[in-house]
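Have a look at start16.txt below; it lists compact mmCIF, C-alpha atoms.
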# COMPACT_ATOMS: atom_id res chain seq x y z
CA MET A 1 -240.39 -43.68 -140.44
CA GLU A 2 -239.03 -40.70 -142.25
CA SER A 3 -236.75 -39.81 -139.36
CA ARG A 4 -235.40 -43.37 -139.29
CA CYS A 5 -234.83 -43.25 -143.04
CA ASP A 6 -233.13 -39.89 -142.70
CA SER A 7 -230.83 -41.18 -139.98
CA VAL A 8 -229.93 -44.23 -142.12
CA LEU A 9 -229.13 -41.93 -145.04
CA VAL A 10 -227.06 -39.70 -142.81
CA MET A 11 -225.12 -42.68 -141.45
CA ALA A 12 -224.57 -44.08 -144.94
CA PHE A 13 -223.38 -40.69 -146.15
CA ARG A 14 -221.06 -40.37 -143.13
CA GLN A 15 -219.55 -43.81 -143.82
CA PHE A 16 -219.13 -42.89 -147.47
CA ILE A 17 -217.31 -39.68 -146.50
CA GLN A 18 -215.09 -41.49 -143.97
CA ARG A 19 -214.05 -44.11 -146.54
CA ARG A 20 -213.28 -41.41 -149.10
CA ALA A 21 -211.46 -39.33 -146.49
CA ARG A 22 -209.05 -42.19 -145.82
CA TYR A 23 -208.10 -42.28 -149.50
CA VAL A 24 -207.83 -38.50 -149.80
CA ALA A 25 -206.11 -37.71 -146.48
CA VAL A 26 -202.70 -39.19 -147.34
CA PRO A 27 -202.29 -37.32 -150.65
CA VAL A 28 -203.53 -34.08 -149.08
CA ILE A 29 -201.11 -34.38 -146.15
CA GLY A 30 -198.32 -35.27 -148.59
CA ALA A 31 -199.13 -32.23 -150.73
CA LEU A 32 -199.13 -29.97 -147.66
CA VAL A 33 -195.75 -31.31 -146.51
CA LEU A 34 -194.35 -30.86 -150.01
CA ALA A 35 -195.70 -27.30 -150.17
CA TYR A 36 -194.15 -26.52 -146.76
CA PHE A 37 -190.69 -27.72 -147.80
CA GLY A 38 -191.02 -26.10 -151.22
CA TYR A 39 -191.87 -22.74 -149.67
CA TYR A 40 -188.88 -22.83 -147.32
CA ALA A 41 -186.59 -24.01 -150.12
CA VAL A 42 -187.34 -20.72 -151.85
CA GLN A 43 -188.15 -18.27 -149.04
CA GLY A 44 -186.28 -19.72 -146.05
CA ASP A 45 -183.08 -18.51 -144.37
CA ARG A 46 -181.05 -20.88 -146.54
CA GLY A 47 -183.38 -20.85 -149.52
CA LEU A 48 -182.94 -19.77 -153.11
CA LEU A 49 -183.68 -16.07 -152.50
CA ALA A 50 -181.24 -15.93 -149.59
CA TYR A 51 -178.59 -17.53 -151.80
CA LEU A 52 -179.17 -14.91 -154.52
CA ARG A 53 -178.93 -12.06 -151.98
CA LEU A 54 -175.72 -13.51 -150.59
CA ALA A 55 -174.24 -13.91 -154.07
CA GLN A 56 -175.03 -10.25 -154.81
CA GLU A 57 -173.39 -9.14 -151.56
CA ILE A 58 -170.32 -11.19 -152.45
CA ARG A 59 -170.09 -9.51 -155.85
CA LYS A 60 -170.33 -6.06 -154.22
CA ALA A 61 -167.66 -7.00 -151.67
CA GLU A 62 -165.35 -8.25 -154.42
CA ILE A 63 -165.76 -4.99 -156.34
CA THR A 64 -165.00 -3.01 -153.18
CA ARG A 65 -161.99 -5.25 -152.50
CA ASP A 66 -160.64 -4.67 -156.03
CA LEU A 67 -161.08 -0.90 -155.74
CA LEU A 68 -159.34 -0.81 -152.38
CA ARG A 69 -156.55 -3.04 -153.67
CA SER A 70 -155.89 -0.71 -156.63
CA GLU A 71 -155.98 2.33 -154.34
CA ARG A 72 -153.52 0.64 -151.97
CA GLU A 73 -151.19 -0.18 -154.87
CA THR A 74 -151.31 3.44 -156.01
CA ILE A 75 -150.45 4.66 -152.52
CA GLU A 76 -147.64 2.10 -152.24
CA ARG A 77 -146.15 3.33 -155.53
CA ARG A 78 -146.31 6.93 -154.32
CA VAL A 79 -144.74 6.02 -150.98
CA LYS A 80 -141.98 4.13 -152.76
CA LEU A 81 -141.15 7.30 -154.69
CA LEU A 82 -140.81 9.22 -151.41
CA ARG A 83 -138.38 6.80 -149.74
CA PRO A 84 -134.98 8.31 -148.86
CA ASP A 85 -133.04 5.85 -151.04
CA SER A 86 -135.08 6.70 -154.18
CA ILE A 87 -136.61 10.17 -153.93
CA ASP A 88 -138.23 11.36 -157.12
CA PRO A 89 -137.75 15.15 -157.43
CA ASP A 90 -141.14 15.64 -159.10
CA MET A 91 -142.92 13.69 -156.36
CA LEU A 92 -141.06 15.62 -153.69
CA ASP A 93 -141.99 18.92 -155.34
CA GLU A 94 -145.64 17.86 -155.59
CA ARG A 95 -145.80 16.85 -151.91
CA VAL A 96 -144.10 20.08 -150.75
CA ARG A 97 -146.54 22.18 -152.75
CA ALA A 98 -149.56 20.24 -151.52
CA THR A 99 -148.43 20.20 -147.89
CA LEU A 100 -147.14 23.75 -147.56
CA GLY A 101 -149.33 25.38 -150.17
CA LEU A 102 -146.41 27.25 -151.72
CA GLY A 103 -145.65 28.03 -155.33
CA ARG A 104 -143.62 30.43 -157.47
CA PRO A 105 -145.18 33.81 -158.27
CA ASP A 106 -145.29 33.14 -162.03
CA GLU A 107 -147.09 29.78 -161.68
CA VAL A 108 -150.74 28.97 -161.96
CA VAL A 109 -151.60 26.12 -159.62
CA VAL A 110 -154.73 24.07 -160.11
CA LEU A 111 -155.46 21.89 -157.12
CA LEU A 112 -157.80 18.98 -157.55
CA ARG A 113 -159.02 17.43 -154.37
CA ARG A 114 -161.17 14.53 -153.39
CA GLU A 115 -164.44 15.07 -151.58
CA ASP A 116 -163.14 13.43 -148.40
CA GLU A 117 -159.87 15.43 -148.23
CA PRO A 118 -159.74 18.67 -146.27
CA ARG A 119 -159.31 21.86 -148.24
CA PRO A 120 -155.64 22.99 -148.34
CA VAL A 121 -154.66 26.37 -146.93
CA LEU A 122 -152.76 28.50 -149.44
CA LEU A 123 -150.13 30.90 -148.08
CA ARG A 124 -149.05 33.99 -149.96
CA GLN A 125 -145.52 35.33 -149.70

Just give me the structure of the file as structure tokens.
Amino acid sequence: MESRCDSVLVMAFRQFIQRRARYVAVPVIGALVLAYFGYYAVQGDRGLLAYLRLAQEIRKAEITRDLLRSERETIERRVKLLRPDSIDPDMLDERVRATLGLGRPDEVVVLLRREDEPRPVLLRQ
């Protein structure tokens, strides 16, 4: 009789669990789906962190663009001074000295160079 009583208790407990599982399953599945979409909204390829990384890359690119634009404007001004219709004597003198490495004997020449420029060759007369 005990085994029959045990089996009845087991069946009653199983039915109790199945009824409760029906009420719990939908919210649990909903929470899992919500967690899935929430995770990919933050961590995914188009999520919040990807957006922040992209925004930082855009800021760096804009800074680089502004630096290159100012460097280009500087070079354009210098080239304008070297045009045949408006040659600036000081600019011409500077370019001749830098290109040929020549100077007067009584001058002291201090050459400042960038890291990426080759070292000029100085000729003595």

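Between CA of Arg104 in chain A and CA of Asp90 in chain A there is a distance of 15.1 Å.
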
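Separating CA of Met91 in chain A from CA of Arg77 in chain A is a distance of 10.9 Å.
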
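Put simply, CA of Pro89 in chain A is 15.9 Å away from CA of Leu102 in chain A.
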
For Phe37 in chain A: contacts at 12 Å, only C-alpha atoms, fewer than 6 positions along chain excluded, given as a list of chain:residue names
A:Gly30, A:Ala31, A:Gln43, A:Gly44, A:Arg46, A:Gly47
